[in-house]
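For reference, the structure is listed below as structure tokens.
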Amino acid sequence: MRILFFLLIIFLLPLNAHAKLIKSFSDEVVRQTLQTVYNQCRSDTSGKVADYIPALAKGDPKHFGIVICTVDGKMYKIGDTDVTFAIESISKIFSLALALEDAGRETILKNVGVYHTGLPFNSIIASDVREVILQNPLVNVGAITTTSYINGTDSNDKWRRELDKFNLFAGRKLTVMEDVFRSEAETNQHNRALAWQFSSFGYLKGDPDDATLRYTRACSVGITCKDLAVMGATLANQGCNPVTGKQVVKKEFVRDILSVMTIAGLYDSTGPFFFRTGLPAKSGVGGGIVAVVPGRFAIATFSPPLDKFGNSARGVKAMTKLSENLELHVLNP
């Protein structure tokens, strides 16, 4: 009997440890932590609203919001969480989800790569100064190349399928911010040059201009901080939207997406960001950042002023403090 009892304890210990790992923090702890971090970061006036895209220059530098969405759909929010802003480069991870399903992991690895370039996200010389031509799905040329592998009968059908995927991640119908799209389409000559460069290398599929236009349209989709938290929580929940219960992306590709976010999610500052927070994340010049705590929840922040790397200054600060206060670093034993 004692032996049986002893074996039962040994068997249950790992289960108990796992239960503690996935157990959510109490509502009070989360709300107090959010309030504290929000108050600490709200007064930060560093950074500058993106102005190289005219429509983005209209962003209100005072806007600031934080949302946490758990894998069971519970949401905690504070600040400007209902303000619509352009998803910008955060769109790259959701376009990647569709491209992985359409083309497969090996095609993306072979034609886009998962290399950290060590150079700016829009570098035109990255493929010339490095031994490896390929880059990754989160720099501009990699995202455009990734977009080219989305299937469809024509350009409109490809875009429809991409927006449908975004809608599934958000759990509601999203729309393009047409003023942002027009502004970006009129100033995307550099991205078109990058697309033609990779087309000349033989990596990009189809018409480079069409892929660039669809990439630009994806960056112009309007979301709120709440939308972004749900989209991130879908990745935290193995590809299943915690609000709608729908499987949005195959489980086998969630690890790939989170890995790429860890490699290059915050442009040139991805290394320092992961070192401090230990979280796979993605930022956009519209002021949003989403970070994923696998199996538990996602954190979304919104604040337009950007640091020198193109990341929301308040957002990076808030993510760092939340990770420290809630001990979220994925490498922390």
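Labels for the structure tokens follow display order: chains A, B, ..., residues from 1 in each chain, ligands from 1.
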Against segment 236-259 of chain A, which residues of segment 51-109 of chain A fall within 8 Å? For each one I want the closest pair of atoms and the distance in Å (one decimal), counting only C-alpha atoms, rows by chain and increasing residue number, as CSV.
residue,atom,partner,partner_atom,distance
A:Thr70,CA,A:Pro242,CA,7.5
A:Val71,CA,A:Asn237,CA,5.3
A:Asp72,CA,A:Pro242,CA,5.4
A:Gly73,CA,A:Pro242,CA,4.8
A:Ile93,CA,A:Ile257,CA,6.5
A:Leu96,CA,A:Ile257,CA,7.3
A:Ala97,CA,A:Val249,CA,6.4
A:Leu98,CA,A:Val249,CA,7.6
A:Leu100,CA,A:Phe253,CA,7.0
A:Glu101,CA,A:Lys250,CA,7.5
A:Arg105,CA,A:Phe253,CA,7.9
**In segment 132-299 of chain A, DSSP strand (DSSP E) residues written as a ChimeraX atom specification** = /A:175-176,221-223,281-283,288-293,297-299
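Proximity ranking of A:Asn191, A:Ser323, A:Thr153, A:Ser91 relative to Pro280 of chain A places A:Ser323 first, based on only C-alpha atoms.
For the pair atom CA of Asn136 of chain A and atom CA of Ile87 of chain A, the separation is 18.9 Å.
Each of A:Gly202, A:Asp27, A:Asn151, A:Ala291 was compared to Gly104 of chain A using only C-alpha atoms, and A:Asn151 turns out to be the nearest.
For the pair atom CA of Asp60 of chain A and atom CA of Cys219 of chain A, the separation is 18.9 Å.
In this comparison, which uses only C-alpha atoms, the residue of A:Lys158, A:Leu168, A:Ile133, A:Met261 approaching Phe201 of chain A most closely is A:Ile133.
Within the 8 Å cut-off around Ala50 of chain A, using only C-alpha atoms and omitting residues fewer than 5 positions from it on the same chain, the listed residues are Leu56, Ala57, Val285, Gly286, Pro304, Pro305 and Leu306 of chain A.
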Residues from the last selection, all heavy atoms, saved as an mmCIF file, in the first residue's frame:
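Produced file result-v3.cif, reproduced below:
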data_model
loop_
_atom_site.group_PDB
_atom_site.id
_atom_site.type_symbol
_atom_site.label_atom_id
_atom_site.label_comp_id
_atom_site.auth_asym_id
_atom_site.auth_seq_id
_atom_site.Cartn_x
_atom_site.Cartn_y
_atom_site.Cartn_z
ATOM 1 N N LEU A 56 0.300 57.973 -41.473
ATOM 2 C CA LEU A 56 0.652 57.574 -40.114
ATOM 3 C C LEU A 56 1.048 58.768 -39.248
ATOM 4 O O LEU A 56 0.970 58.700 -38.018
ATOM 5 C CB LEU A 56 1.798 56.555 -40.141
ATOM 6 C CG LEU A 56 1.512 55.204 -40.789
ATOM 7 C CD1 LEU A 56 2.709 54.278 -40.630
ATOM 8 C CD2 LEU A 56 0.266 54.555 -40.195
ATOM 9 N N ALA A 57 1.477 59.840 -39.895
ATOM 10 C CA ALA A 57 1.904 61.027 -39.160
ATOM 11 C C ALA A 57 0.755 61.660 -38.385
ATOM 12 O O ALA A 57 0.970 62.480 -37.486
ATOM 13 C CB ALA A 57 2.512 62.048 -40.121
ATOM 14 N N VAL A 285 4.994 49.820 -37.279
ATOM 15 C CA VAL A 285 5.203 51.268 -37.169
ATOM 16 C C VAL A 285 3.897 52.023 -36.937
ATOM 17 O O VAL A 285 3.912 53.243 -36.748
ATOM 18 C CB VAL A 285 5.935 51.831 -38.414
ATOM 19 C CG1 VAL A 285 7.341 51.274 -38.494
ATOM 20 C CG2 VAL A 285 5.150 51.557 -39.684
ATOM 21 N N GLY A 286 2.772 51.310 -36.938
ATOM 22 C CA GLY A 286 1.509 51.940 -36.570
ATOM 23 C C GLY A 286 1.401 52.147 -35.069
ATOM 24 O O GLY A 286 0.480 52.808 -34.588
ATOM 25 N N PRO A 304 1.578 55.234 -30.567
ATOM 26 C CA PRO A 304 2.207 55.614 -31.837
ATOM 27 C C PRO A 304 3.671 56.068 -31.803
ATOM 28 O O PRO A 304 4.411 55.756 -32.743
ATOM 29 C CB PRO A 304 1.306 56.750 -32.343
ATOM 30 C CG PRO A 304 -0.015 56.472 -31.726
ATOM 31 C CD PRO A 304 0.307 55.958 -30.359
ATOM 32 N N PRO A 305 4.149 56.801 -30.775
ATOM 33 C CA PRO A 305 5.553 57.252 -30.838
ATOM 34 C C PRO A 305 6.524 56.074 -30.871
ATOM 35 O O PRO A 305 6.461 55.172 -30.039
ATOM 36 C CB PRO A 305 5.718 58.065 -29.544
ATOM 37 C CG PRO A 305 4.336 58.529 -29.214
ATOM 38 C CD PRO A 305 3.449 57.380 -29.605
ATOM 39 N N LEU A 306 7.444 56.102 -31.840
ATOM 40 C CA LEU A 306 8.374 55.003 -32.070
ATOM 41 C C LEU A 306 9.783 55.347 -31.615
ATOM 42 O O LEU A 306 10.210 56.498 -31.691
ATOM 43 C CB LEU A 306 8.410 54.653 -33.566
ATOM 44 C CG LEU A 306 7.068 54.450 -34.266
ATOM 45 C CD1 LEU A 306 7.298 54.159 -35.752
ATOM 46 C CD2 LEU A 306 6.270 53.331 -33.619
#
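Among the candidates A:Thr147, A:Gln135, A:Thr270, A:Ser312, the one nearest to Asp210 of chain A when counting only C-alpha atoms is A:Thr147.
Atom CA of Thr107 of chain A sits 27.5 Å away from atom CA of Gly295 of chain A.
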**Request:** Fewer than 5 positions away in the same chain doesn't count, so skip those; otherwise give me all residues within 12 Å of segment 267-269 of chain A, counting only C-alpha atoms, as a ChimeraX atom specification.
**Result:** /A:89-90,116-123,136-140,260-262,274-276,281-285,289,307-313,316
**Asked** Could you pull the residues within 12 Å of Thr36 of chain A, counting only C-alpha atoms, minus those fewer than 5 positions along the same chain, as a PyMOL selection string?
**Response** chain A and resi 29-31+41-42+66+78+318+321-322+325
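Ranking A:Arg214, A:His329, A:Lys226, A:Arg182 by their shortest atom-to-atom distance to Gly79 of chain A, with only C-alpha atoms included, puts A:Lys226 first.
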